[in-house]
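For reference, my_file22.txt is printed below; it contains compact mmCIF, C-alpha atoms.
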# COMPACT_ATOMS: atom_id res chain seq x y z
CA MET A 1 117.56 53.87 174.21
CA GLU A 2 117.20 50.17 175.07
CA GLU A 3 120.45 49.20 173.34
CA LEU A 4 122.65 51.34 175.64
CA SER A 5 124.58 49.16 178.04
CA PRO A 6 124.21 50.24 181.68
CA PHE A 7 127.99 50.50 181.92
CA VAL A 8 128.12 52.92 179.03
CA ILE A 9 125.53 55.04 180.82
CA PHE A 10 127.52 54.81 184.02
CA PHE A 11 130.72 56.12 182.43
CA ALA A 12 128.98 58.66 180.27
CA SER A 13 127.16 60.18 183.24
CA ILE A 14 130.44 60.57 185.13
CA PHE A 15 132.57 61.99 182.35
CA THR A 16 130.98 63.01 179.07
CA SER A 17 127.56 64.10 180.34
CA ASN A 18 128.53 65.21 183.81
CA ILE A 19 125.34 66.34 185.50
CA LEU A 20 126.95 69.49 186.85
CA LEU A 21 129.36 70.52 184.13
CA THR A 22 127.13 69.90 181.13
CA ASN A 23 123.62 70.08 182.60
CA PHE A 24 124.20 72.74 185.27
CA LEU A 25 122.35 70.80 187.94
CA GLY A 26 123.16 71.23 191.60
CA MET A 27 124.90 74.57 191.12
CA CYS A 28 123.72 76.20 194.34
CA SER A 29 125.30 73.78 196.77
CA TYR A 30 128.23 73.40 194.40
CA LEU A 31 129.04 77.09 194.72
CA SER A 32 128.40 77.45 198.43
CA VAL A 33 129.80 74.22 199.91
CA SER A 34 133.05 74.04 197.94
CA ARG A 35 135.22 76.11 200.26
CA GLU A 36 136.76 73.12 202.01
CA LEU A 37 137.76 69.75 200.68
CA LYS A 38 136.37 67.91 203.69
CA THR A 39 132.85 69.31 203.52
CA ALA A 40 132.83 68.91 199.75
CA TRP A 41 133.66 65.23 200.22
CA GLY A 42 130.85 64.81 202.78
CA LEU A 43 128.27 66.41 200.56
CA GLY A 44 129.53 64.49 197.54
CA LEU A 45 129.07 61.17 199.37
CA ALA A 46 125.58 62.14 200.47
CA VAL A 47 124.63 63.11 196.92
CA ILE A 48 125.91 59.81 195.48
CA PHE A 49 123.89 57.83 198.00
CA VAL A 50 120.65 59.81 197.78
CA LEU A 51 120.75 60.15 193.98
CA THR A 52 121.20 56.41 193.47
CA CYS A 53 118.44 55.44 195.90
CA THR A 54 115.88 58.03 194.82
CA SER A 55 116.39 57.09 191.15
CA ALA A 56 115.44 53.54 192.07
CA VAL A 57 112.46 54.52 194.22
CA ASN A 58 111.18 57.03 191.69
CA TYR A 59 111.53 54.46 188.92
CA TRP A 60 109.18 52.09 190.74
CA LEU A 61 106.82 54.86 191.69
CA TYR A 62 106.60 56.19 188.13
CA TYR A 63 106.23 52.93 186.22
CA TYR A 64 104.19 50.94 188.74
CA LEU A 65 101.94 53.61 190.21
CA LEU A 66 101.75 56.77 188.12
CA VAL A 67 101.73 55.27 184.60
CA PRO A 68 99.08 52.57 185.24
CA GLN A 69 96.82 55.19 186.84
CA GLY A 70 97.42 57.72 184.06
CA LEU A 71 98.80 60.23 186.55
CA GLU A 72 102.06 61.10 184.78
CA TYR A 73 101.39 64.80 185.19
CA LEU A 74 101.78 64.41 188.94
CA GLN A 75 105.38 63.26 188.53
CA TYR A 76 106.91 66.50 189.81
CA ILE A 77 104.98 66.45 193.06
CA ALA A 78 105.48 62.71 193.51
CA PHE A 79 109.23 62.89 192.91
CA ILE A 80 109.84 65.84 195.18
CA ILE A 81 107.86 64.21 198.00
CA VAL A 82 109.80 60.96 197.60
CA ILE A 83 113.08 62.87 197.72
CA ALA A 84 112.10 64.92 200.77
CA ALA A 85 110.76 61.89 202.61
CA PHE A 86 113.75 59.75 201.70
CA VAL A 87 116.19 62.35 202.92
CA GLN A 88 114.27 62.68 206.20
CA VAL A 89 114.21 58.92 206.76
CA VAL A 90 117.91 58.56 205.98
CA GLU A 91 118.69 61.36 208.38
CA MET A 92 116.77 59.64 211.19
CA ILE A 93 118.38 56.26 210.51
CA VAL A 94 121.89 57.68 210.33
CA ASP A 95 121.28 59.59 213.56
CA ARG A 96 120.29 56.39 215.41
CA VAL A 97 122.79 54.00 213.89
CA SER A 98 126.11 55.80 213.77
CA ASP A 99 127.28 58.95 215.46
CA ARG A 100 130.35 59.19 213.30
CA LEU A 101 128.45 58.91 210.06
CA TYR A 102 125.92 61.45 211.32
CA ALA A 103 128.68 63.88 212.16
CA ALA A 104 130.07 63.44 208.65
CA LEU A 105 126.85 63.50 206.63
CA GLY A 106 124.19 64.83 208.97
CA ILE A 107 124.42 68.53 208.23
CA PHE A 108 124.45 67.93 204.48
CA LEU A 109 121.32 65.85 204.24
CA PRO A 110 118.74 68.65 204.55
CA LEU A 111 120.61 70.59 201.85
CA ILE A 112 120.10 67.75 199.45
CA THR A 113 116.32 68.05 199.22
CA VAL A 114 116.69 71.27 197.27
CA ASN A 115 119.65 70.07 195.24
CA CYS A 116 118.45 70.13 191.65
CA ALA A 117 120.76 67.29 190.69
CA ILE A 118 118.58 64.83 192.60
CA LEU A 119 115.28 65.82 191.01
CA GLY A 120 117.09 66.27 187.69
CA GLY A 121 118.34 62.70 187.85
CA SER A 122 114.80 61.38 188.22
CA LEU A 123 113.44 63.60 185.45
CA PHE A 124 116.19 62.63 183.00
CA MET A 125 115.50 59.00 183.78
CA VAL A 126 111.86 59.42 182.74
CA ILE A 127 112.59 61.55 179.66
CA ARG A 128 115.32 59.24 178.34
CA LYS A 129 113.13 56.16 179.05
CA TYR A 130 115.77 54.20 180.96
CA ASP A 131 114.93 50.75 182.29
CA PHE A 132 115.54 49.88 185.93
CA VAL A 133 119.21 48.87 185.73
CA GLN A 134 120.00 51.79 183.45
CA SER A 135 118.32 54.18 185.91
CA LEU A 136 120.32 52.78 188.78
CA MET A 137 123.58 53.16 186.86
CA PHE A 138 122.62 56.63 185.69
CA GLY A 139 121.84 57.68 189.26
CA ALA A 140 125.10 56.32 190.63
CA GLY A 141 127.14 57.73 187.77
CA SER A 142 125.61 61.17 188.03
CA GLY A 143 126.22 61.22 191.77
CA ILE A 144 129.87 60.25 191.33
CA GLY A 145 130.29 62.81 188.56
CA TRP A 146 128.84 65.52 190.78
CA ALA A 147 131.09 64.56 193.69
CA LEU A 148 134.11 64.57 191.38
CA ALA A 149 133.33 68.07 190.14
CA ILE A 150 132.77 69.58 193.58
CA MET A 151 135.93 68.02 194.94
CA ALA A 152 137.97 69.28 192.02
CA LEU A 153 136.65 72.77 192.66
CA ALA A 154 137.21 72.55 196.41
CA GLY A 155 140.83 71.53 195.83
CA ILE A 156 141.43 74.42 193.47
CA ARG A 157 139.77 76.91 195.78
CA ARG A 158 141.90 75.80 198.71
CA LYS A 159 145.11 76.31 196.77
CA MET A 160 143.83 79.58 195.40
CA SER A 161 142.94 81.06 198.77
CA ARG A 162 146.55 80.61 199.92
CA ARG A 163 148.59 81.75 197.01
CA SER A 164 146.85 84.13 194.71
CA ALA A 165 145.39 87.58 194.60
CA VAL A 166 142.07 87.93 192.78
CA ILE A 167 140.64 91.16 191.41
CA PRO A 168 138.28 92.40 194.18
CA ALA A 169 135.09 92.44 192.09
CA LEU A 170 135.81 88.99 190.73
CA GLU A 171 136.31 87.42 194.17
CA GLY A 172 133.84 84.81 195.38
CA PRO A 173 131.27 83.61 192.85
CA GLY A 174 132.83 85.31 189.83
CA ILE A 175 136.16 83.53 189.97
CA VAL A 176 134.50 80.26 190.98
CA LEU A 177 132.28 80.35 187.89
CA ILE A 178 135.26 80.99 185.65
CA ILE A 179 137.18 78.11 187.26
CA THR A 180 134.12 75.92 186.70
CA GLY A 181 134.14 76.95 183.06
CA ILE A 182 137.74 75.79 182.78
CA ILE A 183 136.94 72.48 184.51
CA ALA A 184 134.03 72.05 182.10
CA LEU A 185 136.38 72.70 179.19
CA GLY A 186 138.60 69.95 180.52
CA PHE A 187 135.67 67.55 180.69
CA ILE A 188 134.79 68.34 177.08
CA GLY A 189 138.02 66.50 176.31
CA PHE A 190 136.17 63.29 177.24
CA SER A 191 133.40 63.84 174.72
CA GLY A 192 133.26 61.36 171.91
CA VAL A 193 134.45 58.49 174.11
CA VAL A 194 130.88 57.46 174.86
CA GLN A 195 127.72 59.38 174.17
CA ILE A 196 124.28 59.42 175.75
CA ASN A 197 121.54 61.93 175.13
CA MET B 198 102.97 97.34 205.29
CA GLY B 199 106.44 98.72 206.27
CA VAL B 200 108.15 98.33 202.94
CA SER B 201 107.30 100.55 200.00
CA PRO B 202 106.61 98.95 196.60
CA LYS B 203 109.40 100.94 194.98
CA LYS B 204 111.96 99.65 197.42
CA ILE B 205 110.78 96.08 196.89
CA ALA B 206 111.13 96.47 193.14
CA LEU B 207 114.60 98.02 193.33
CA ASP B 208 115.82 95.43 195.81
CA GLY B 209 114.65 92.55 193.68
CA ILE B 210 115.97 93.90 190.42
CA TRP B 211 119.35 95.29 191.45
CA ASN B 212 120.33 95.68 195.13
CA ASN B 213 119.50 92.12 196.03
CA ASN B 214 119.65 90.64 192.57
CA PRO B 215 119.23 86.87 192.79
CA ILE B 216 122.09 86.15 190.42
CA PHE B 217 125.05 88.40 191.00
CA ARG B 218 124.27 89.27 194.63
CA GLN B 219 123.00 86.02 196.06
CA VAL B 220 124.24 83.63 193.35
CA LEU B 221 121.26 81.36 193.81
CA GLY B 222 119.05 79.39 191.54
CA ILE B 223 121.12 79.38 188.43
CA CYS B 224 120.85 75.63 188.05
CA SER B 225 117.73 75.15 186.06
CA THR B 226 117.88 78.19 183.85
CA LEU B 227 121.51 78.50 182.88
CA ALA B 228 121.22 75.34 180.81
CA VAL B 229 118.79 76.85 178.33
CA THR B 230 120.65 80.13 177.78
CA ASN B 231 122.17 79.08 174.47
CA LEU B 232 118.98 80.13 172.65
CA VAL B 233 117.26 83.44 173.35
CA THR B 234 113.75 82.12 172.62
CA ASN B 235 114.08 79.26 175.09
CA THR B 236 115.49 81.58 177.71
CA LEU B 237 112.61 83.97 177.25
CA VAL B 238 110.02 81.22 177.71
CA MET B 239 111.88 79.89 180.72
CA CYS B 240 112.13 83.36 182.29
CA ILE B 241 108.44 84.09 181.81
CA GLY B 242 107.69 80.73 183.41
CA LEU B 243 109.99 81.55 186.27
CA ILE B 244 108.53 85.01 186.91
CA TYR B 245 105.03 83.52 186.89
CA THR B 246 105.97 80.70 189.26
CA GLN B 247 107.83 83.02 191.60
CA ALA B 248 105.08 85.64 191.79
CA MET B 249 102.23 83.17 192.19
CA SER B 250 104.04 81.01 194.75
CA SER B 251 104.95 84.07 196.82
CA LEU B 252 101.33 85.22 196.68
CA THR B 253 99.92 81.85 197.70
CA ALA B 254 102.49 81.10 200.38
CA SER B 255 101.97 84.55 201.85
CA SER B 256 98.17 84.17 201.90
CA LEU B 257 98.53 80.88 203.74
CA ARG B 258 101.27 82.04 206.08
CA THR B 259 99.09 82.47 209.16
CA ILE B 260 97.58 78.98 208.96
CA THR B 261 100.72 77.05 207.96
CA PRO B 262 102.29 75.29 210.95
CA TYR B 263 105.90 76.38 211.43
CA ARG B 264 107.38 72.92 211.01
CA LEU B 265 105.56 72.27 207.74
CA ARG B 266 106.60 75.51 206.08
CA ILE B 267 109.27 74.18 203.74
CA ILE B 268 107.32 71.20 202.51
CA SER B 269 104.16 73.23 201.98
CA SER B 270 106.08 75.89 200.02
CA THR B 271 107.64 73.17 197.89
CA LEU B 272 104.22 71.71 197.15
CA ILE B 273 102.79 75.13 196.24
CA ILE B 274 105.68 75.72 193.84
CA ALA B 275 105.32 72.23 192.37
CA ALA B 276 101.61 72.82 191.74
CA TYR B 277 102.30 76.00 189.75
CA VAL B 278 105.09 74.32 187.81
CA ILE B 279 102.74 71.51 186.80
CA VAL B 280 100.31 74.11 185.43
CA LEU B 281 103.18 75.78 183.56
CA HIS B 282 104.38 72.47 182.16
CA ASN B 283 100.92 71.53 180.90
CA VAL B 284 100.37 74.94 179.29
CA LEU B 285 103.71 74.70 177.51
CA GLN B 286 102.99 71.18 176.31
CA ALA B 287 99.60 72.19 175.00
CA TYR B 288 100.51 75.44 173.23
CA PHE B 289 104.27 75.25 172.55
CA PRO B 290 105.01 71.54 172.21
CA GLU B 291 108.32 72.13 170.38
CA ILE B 292 109.75 74.46 173.00
CA SER B 293 108.50 72.15 175.71
CA THR B 294 110.48 69.23 174.24
CA GLN B 295 113.57 71.40 173.88
CA LEU B 296 113.40 72.60 177.46
CA GLY B 297 113.06 68.98 178.54
CA PRO B 298 113.41 68.47 182.26
CA TYR B 299 114.38 72.06 182.98
CA VAL B 300 110.80 73.27 183.38
CA GLY B 301 110.29 70.71 186.13
CA LEU B 302 113.53 71.75 187.72
CA ILE B 303 112.10 75.19 188.46
CA ILE B 304 110.72 73.43 191.56
CA THR B 305 114.16 72.98 193.03
CA ASN B 306 115.33 76.38 191.87
CA CYS B 307 116.76 77.69 195.12
CA ILE B 308 115.80 81.28 194.46
CA ILE B 309 112.05 80.58 194.38
CA LEU B 310 112.08 78.74 197.68
CA GLY B 311 114.50 81.35 199.00
CA ARG B 312 112.18 84.29 198.25
CA VAL B 313 109.13 82.41 199.49
CA GLU B 314 110.96 81.64 202.74
CA ALA B 315 112.66 84.99 203.24
CA PHE B 316 109.95 87.40 202.15
CA ALA B 317 106.54 85.79 201.69
CA GLY B 318 106.83 84.01 205.05
CA ASN B 319 106.37 87.24 207.00
CA ASN B 320 104.83 89.78 204.66
CA PRO B 321 101.27 90.34 203.40
CA PRO B 322 100.21 88.88 200.02
CA ILE B 323 100.42 91.98 197.79
CA PRO B 324 104.00 93.02 198.68
CA SER B 325 105.00 89.35 198.44
CA PHE B 326 103.55 89.18 194.95
CA LEU B 327 105.51 92.31 193.99
CA ASP B 328 108.65 90.93 195.55
CA GLY B 329 108.28 87.72 193.56
CA LEU B 330 107.72 89.71 190.39
CA ALA B 331 110.74 91.94 191.01
CA SER B 332 113.19 89.19 191.84
CA GLY B 333 111.91 87.24 188.84
CA VAL B 334 112.58 90.23 186.59
CA GLY B 335 116.01 90.82 188.14
CA TYR B 336 116.82 87.21 187.47
CA SER B 337 115.50 87.25 183.92
CA PHE B 338 117.34 90.27 182.64
CA ILE B 339 120.72 88.78 183.54
CA LEU B 340 119.85 85.49 181.91
CA LEU B 341 118.59 87.22 178.78
CA ALA B 342 121.84 89.18 178.58
CA ILE B 343 123.76 85.91 178.80
CA ALA B 344 121.52 84.30 176.20
CA VAL B 345 121.91 87.16 173.71
CA VAL B 346 125.71 86.94 173.91
CA ARG B 347 125.77 83.15 173.76
CA GLU B 348 123.41 82.80 170.83
CA GLY B 349 124.92 85.76 169.01
CA LEU B 350 128.49 84.54 169.24
CA GLY B 351 127.74 80.83 169.10
CA PHE B 352 125.22 80.60 166.26
CA GLY B 353 125.41 84.06 164.71
CA THR B 354 121.67 84.57 165.29
CA ILE B 355 119.36 86.33 167.75
CA MET B 356 116.05 84.55 168.38
CA GLY B 357 116.65 82.59 165.17
CA TYR B 358 117.22 85.65 162.98
CA GLN B 359 120.56 85.91 161.20
CA LEU B 360 122.86 88.73 162.31
CA PRO B 361 123.59 91.22 159.50
CA PHE B 362 127.31 90.42 159.34
CA GLU B 363 129.35 87.24 158.90
CA PHE B 364 132.01 85.96 161.29
CA THR B 365 133.42 82.67 162.52
CA HIS B 366 131.03 81.30 165.14
CA TRP B 367 132.40 80.63 168.60
CA THR B 368 131.19 77.08 169.05
CA ILE B 369 132.41 77.07 172.65
CA MET B 370 129.71 79.63 173.51
CA VAL B 371 126.89 77.17 172.79
CA MET B 372 128.53 74.51 174.90
CA ALA B 373 128.48 74.36 178.68
CA PRO B 374 131.74 76.18 179.47
CA GLY B 375 130.48 79.23 177.57
CA ALA B 376 127.65 79.60 180.06
CA PHE B 377 129.99 79.43 183.04
CA PHE B 378 132.36 81.98 181.53
CA MET B 379 129.54 84.37 180.62
CA LEU B 380 127.94 84.16 184.04
CA GLY B 381 131.31 84.71 185.68
CA ILE B 382 131.98 87.74 183.52
CA ILE B 383 128.52 89.24 184.11
CA THR B 384 128.84 88.74 187.87
CA TRP B 385 132.19 90.46 187.71
CA LEU B 386 130.84 93.36 185.65
CA CYS B 387 127.82 93.99 187.90
CA ARG B 388 129.84 93.81 191.09
CA TRP B 389 132.43 96.12 189.63
CA LEU B 390 129.74 98.66 188.66
CA ASP B 391 128.31 98.40 192.15
CA ALA B 392 131.67 98.88 193.84
CA ARG B 393 132.34 101.93 191.67
CA ALA B 394 128.95 103.44 192.52
CA GLU B 395 129.59 102.86 196.22
CA ALA B 396 133.02 104.44 196.01
CA ALA B 397 131.54 107.47 194.23
CA ALA B 398 128.83 107.79 196.89
CA ALA B 399 131.43 107.58 199.67
CA ALA B 400 133.58 110.21 197.95
CA SER B 401 130.67 112.64 197.50
CA LYS B 402 129.80 112.38 201.22
CA LYS B 403 133.23 113.64 202.19

As structure tokens, how would this structure be written, given the file I've shared?
Amino acid sequence: MEELSPFVIFFASIFTSNILLTNFLGMCSYLSVSRELKTAWGLGLAVIFVLTCTSAVNYWLYYYLLVPQGLEYLQYIAFIIVIAAFVQVVEMIVDRVSDRLYAALGIFLPLITVNCAILGGSLFMVIRKYDFVQSLMFGAGSGIGWALAIMALAGIRRKMSRRSAVIPALEGPGIVLIITGIIALGFIGFSGVVQIN
Amino acid sequence: MGVSPKKIALDGIWNNNPIFRQVLGICSTLAVTNLVTNTLVMCIGLIYTQAMSSLTASSLRTITPYRLRIISSTLIIAAYVIVLHNVLQAYFPEISTQLGPYVGLIITNCIILGRVEAFAGNNPPIPSFLDGLASGVGYSFILLAIAVVREGLGFGTIMGYQLPFEFTHWTIMVMAPGAFFMLGIITWLCRWLDARAEAAAAASKK
């Protein structure tokens, strides 16, 4: 894994190994918050930011605290606490510093704690044995990839709600999953450009 | 005790099915549905985590401060997942490597936290345990159905055993889009069945 350039990881995690479309992480908020382009954009931004930062924090925590103490088995608890605490702190800071930013991101932050993409990012980082820069790039890339996917879906759903009639039983989650399948098919077109796994 | 065990079981398995009713918690488990064996292990793990977390959270519900509910539920779930992870690593090391991070991701599986919040938070331990069990089973049978189709069409095998006839394998089924399509189709099918049953019930009332 050492020989992978951080930039390769960055691109691969956006396109070829998109965290949502190939690893199914972050599906819950993806399905429920994709009705409008604007909210999808807000949540996407929040995910990019939190995913990048928690990858970095969890990297330090894992390699400088858990590994030397032989406590690797506590990684799940440690990571989830870091994520929850980080989200809380960011929420408080954003609230104090900027009203506009809080209005844009505020309501999405609590949702992020239970977004599997965030915890998944940290776990992949440990399993694939990335170094610090690689982890950072992987976190940022995954976040951007996730945001890209949710915005694509939100755009399609907006058009769809205006123009088309869907079979009643397929409405809602059914049609959204099938659209996601088609988006994922499109992203398979990128495979082979760069590869990480 | 208000709710009868039978109603809890029915609600969890069909009426309030986590997947096609609430569409929650598909993240961590959908990824492993291209092999039936992996799905089975994952589902057993999920049922265990769900039932035990509901039981524990419900037993502690009177002494948990209101503001700390979410974080304490998360920690309870994480503790059970760590046990699960260690058991898998010790007894099924191969499957554990294949499942990779997805065992850990059970922690952020929305449906577990959702059931713990919605049911275990204000019900006694035994019904909560049953509720966890039922929604785990409701969740598992859909995923197993998806896994059987995906492995059957994609690899031509079920649980590693060759199917008795030969055909061109649908490679797309083992890849990610296959999972999305299958889940979409199953959601559609179940909702359609439900709508038909409702229509029949409405017609018989008249």

Quick one: which residues from chain A are at most 8 Å off chain B, using only C-alpha atoms, as a PDB file with C-alpha atoms, in the frame of the given file?
ATOM      1  CA  LEU A  21     129.360  70.520 184.130  1.00  0.00           C
ATOM      2  CA  THR A  22     127.130  69.900 181.130  1.00  0.00           C
ATOM      3  CA  ASN A  23     123.620  70.080 182.600  1.00  0.00           C
ATOM      4  CA  PHE A  24     124.200  72.740 185.270  1.00  0.00           C
ATOM      5  CA  LEU A  25     122.350  70.800 187.940  1.00  0.00           C
ATOM      6  CA  GLY A  26     123.160  71.230 191.600  1.00  0.00           C
ATOM      7  CA  MET A  27     124.900  74.570 191.120  1.00  0.00           C
ATOM      8  CA  CYS A  28     123.720  76.200 194.340  1.00  0.00           C
ATOM      9  CA  TYR A  73     101.390  64.800 185.190  1.00  0.00           C
ATOM     10  CA  LEU A  74     101.780  64.410 188.940  1.00  0.00           C
ATOM     11  CA  TYR A  76     106.910  66.500 189.810  1.00  0.00           C
ATOM     12  CA  ILE A  77     104.980  66.450 193.060  1.00  0.00           C
ATOM     13  CA  VAL A 114     116.690  71.270 197.270  1.00  0.00           C
ATOM     14  CA  ASN A 115     119.650  70.070 195.240  1.00  0.00           C
ATOM     15  CA  CYS A 116     118.450  70.130 191.650  1.00  0.00           C
ATOM     16  CA  LEU A 119     115.280  65.820 191.010  1.00  0.00           C
ATOM     17  CA  GLY A 120     117.090  66.270 187.690  1.00  0.00           C
ATOM     18  CA  LEU A 123     113.440  63.600 185.450  1.00  0.00           C
ATOM     19  CA  PHE A 124     116.190  62.630 183.000  1.00  0.00           C
ATOM     20  CA  ILE A 127     112.590  61.550 179.660  1.00  0.00           C
ATOM     21  CA  ALA A 169     135.090  92.440 192.090  1.00  0.00           C
ATOM     22  CA  LEU A 170     135.810  88.990 190.730  1.00  0.00           C
ATOM     23  CA  PRO A 173     131.270  83.610 192.850  1.00  0.00           C
ATOM     24  CA  GLY A 174     132.830  85.310 189.830  1.00  0.00           C
ATOM     25  CA  ILE A 175     136.160  83.530 189.970  1.00  0.00           C
ATOM     26  CA  VAL A 176     134.500  80.260 190.980  1.00  0.00           C
ATOM     27  CA  LEU A 177     132.280  80.350 187.890  1.00  0.00           C
ATOM     28  CA  ILE A 178     135.260  80.990 185.650  1.00  0.00           C
ATOM     29  CA  THR A 180     134.120  75.920 186.700  1.00  0.00           C
ATOM     30  CA  GLY A 181     134.140  76.950 183.060  1.00  0.00           C
ATOM     31  CA  ILE A 182     137.740  75.790 182.780  1.00  0.00           C
ATOM     32  CA  ALA A 184     134.030  72.050 182.100  1.00  0.00           C
ATOM     33  CA  LEU A 185     136.380  72.700 179.190  1.00  0.00           C
TER      34      LEU A 185
END

Give me, as a PDB file with C-alpha atoms, in the frame of the given file, all polymer residues having an atom no more than 12 Å from Val47 (chain A), counting all atoms listed in the file and skipping those fewer than 3 positions away in the same chain.
ATOM      1  CA  ILE A  19     125.340  66.340 185.500  1.00  0.00           C
ATOM      2  CA  GLY A  26     123.160  71.230 191.600  1.00  0.00           C
ATOM      3  CA  SER A  29     125.300  73.780 196.770  1.00  0.00           C
ATOM      4  CA  TYR A  30     128.230  73.400 194.400  1.00  0.00           C
ATOM      5  CA  ALA A  40     132.830  68.910 199.750  1.00  0.00           C
ATOM      6  CA  TRP A  41     133.660  65.230 200.220  1.00  0.00           C
ATOM      7  CA  GLY A  42     130.850  64.810 202.780  1.00  0.00           C
ATOM      8  CA  LEU A  43     128.270  66.410 200.560  1.00  0.00           C
ATOM      9  CA  GLY A  44     129.530  64.490 197.540  1.00  0.00           C
ATOM     10  CA  VAL A  50     120.650  59.810 197.780  1.00  0.00           C
ATOM     11  CA  LEU A  51     120.750  60.150 193.980  1.00  0.00           C
ATOM     12  CA  THR A  52     121.200  56.410 193.470  1.00  0.00           C
ATOM     13  CA  CYS A  53     118.440  55.440 195.900  1.00  0.00           C
ATOM     14  CA  THR A  54     115.880  58.030 194.820  1.00  0.00           C
ATOM     15  CA  SER A  55     116.390  57.090 191.150  1.00  0.00           C
ATOM     16  CA  ILE A  83     113.080  62.870 197.720  1.00  0.00           C
ATOM     17  CA  VAL A  87     116.190  62.350 202.920  1.00  0.00           C
ATOM     18  CA  LEU A 105     126.850  63.500 206.630  1.00  0.00           C
ATOM     19  CA  PHE A 108     124.450  67.930 204.480  1.00  0.00           C
ATOM     20  CA  LEU A 109     121.320  65.850 204.240  1.00  0.00           C
ATOM     21  CA  PRO A 110     118.740  68.650 204.550  1.00  0.00           C
ATOM     22  CA  LEU A 111     120.610  70.590 201.850  1.00  0.00           C
ATOM     23  CA  ILE A 112     120.100  67.750 199.450  1.00  0.00           C
ATOM     24  CA  THR A 113     116.320  68.050 199.220  1.00  0.00           C
ATOM     25  CA  VAL A 114     116.690  71.270 197.270  1.00  0.00           C
ATOM     26  CA  ASN A 115     119.650  70.070 195.240  1.00  0.00           C
ATOM     27  CA  CYS A 116     118.450  70.130 191.650  1.00  0.00           C
ATOM     28  CA  ALA A 117     120.760  67.290 190.690  1.00  0.00           C
ATOM     29  CA  ILE A 118     118.580  64.830 192.600  1.00  0.00           C
ATOM     30  CA  LEU A 119     115.280  65.820 191.010  1.00  0.00           C
ATOM     31  CA  GLY A 121     118.340  62.700 187.850  1.00  0.00           C
ATOM     32  CA  GLY A 139     121.840  57.680 189.260  1.00  0.00           C
ATOM     33  CA  ALA A 140     125.100  56.320 190.630  1.00  0.00           C
ATOM     34  CA  GLY A 141     127.140  57.730 187.770  1.00  0.00           C
ATOM     35  CA  SER A 142     125.610  61.170 188.030  1.00  0.00           C
ATOM     36  CA  GLY A 143     126.220  61.220 191.770  1.00  0.00           C
ATOM     37  CA  ILE A 144     129.870  60.250 191.330  1.00  0.00           C
ATOM     38  CA  GLY A 145     130.290  62.810 188.560  1.00  0.00           C
ATOM     39  CA  TRP A 146     128.840  65.520 190.780  1.00  0.00           C
ATOM     40  CA  ALA A 147     131.090  64.560 193.690  1.00  0.00           C
ATOM     41  CA  LEU A 148     134.110  64.570 191.380  1.00  0.00           C
ATOM     42  CA  ILE A 150     132.770  69.580 193.580  1.00  0.00           C
TER      43      ILE A 150
END

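A straight line drawn from CA of Leu281 (chain B) to CA of Gly242 (chain B) is 6.7 Å long.
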
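Note that CA of Ile241 (chain B) and CA of Val284 (chain B) are 12.5 Å apart.
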
Could you please give me, as a ChimeraX atom specification, the residues of protein, DNA or RNA lying at most 12 Å from (104.1, 83.5, 189.2) in the coordinate frame of the file, considering all atoms listed in the file? /B:240-254,273-278,280-281,303,309,313,325-334

Neighbours of Ser191 (chain A) within 10 Å (only C-alpha atoms; same-chain residues fewer than 6 positions away dropped), as number ranges by chain? A: 12, 15-17
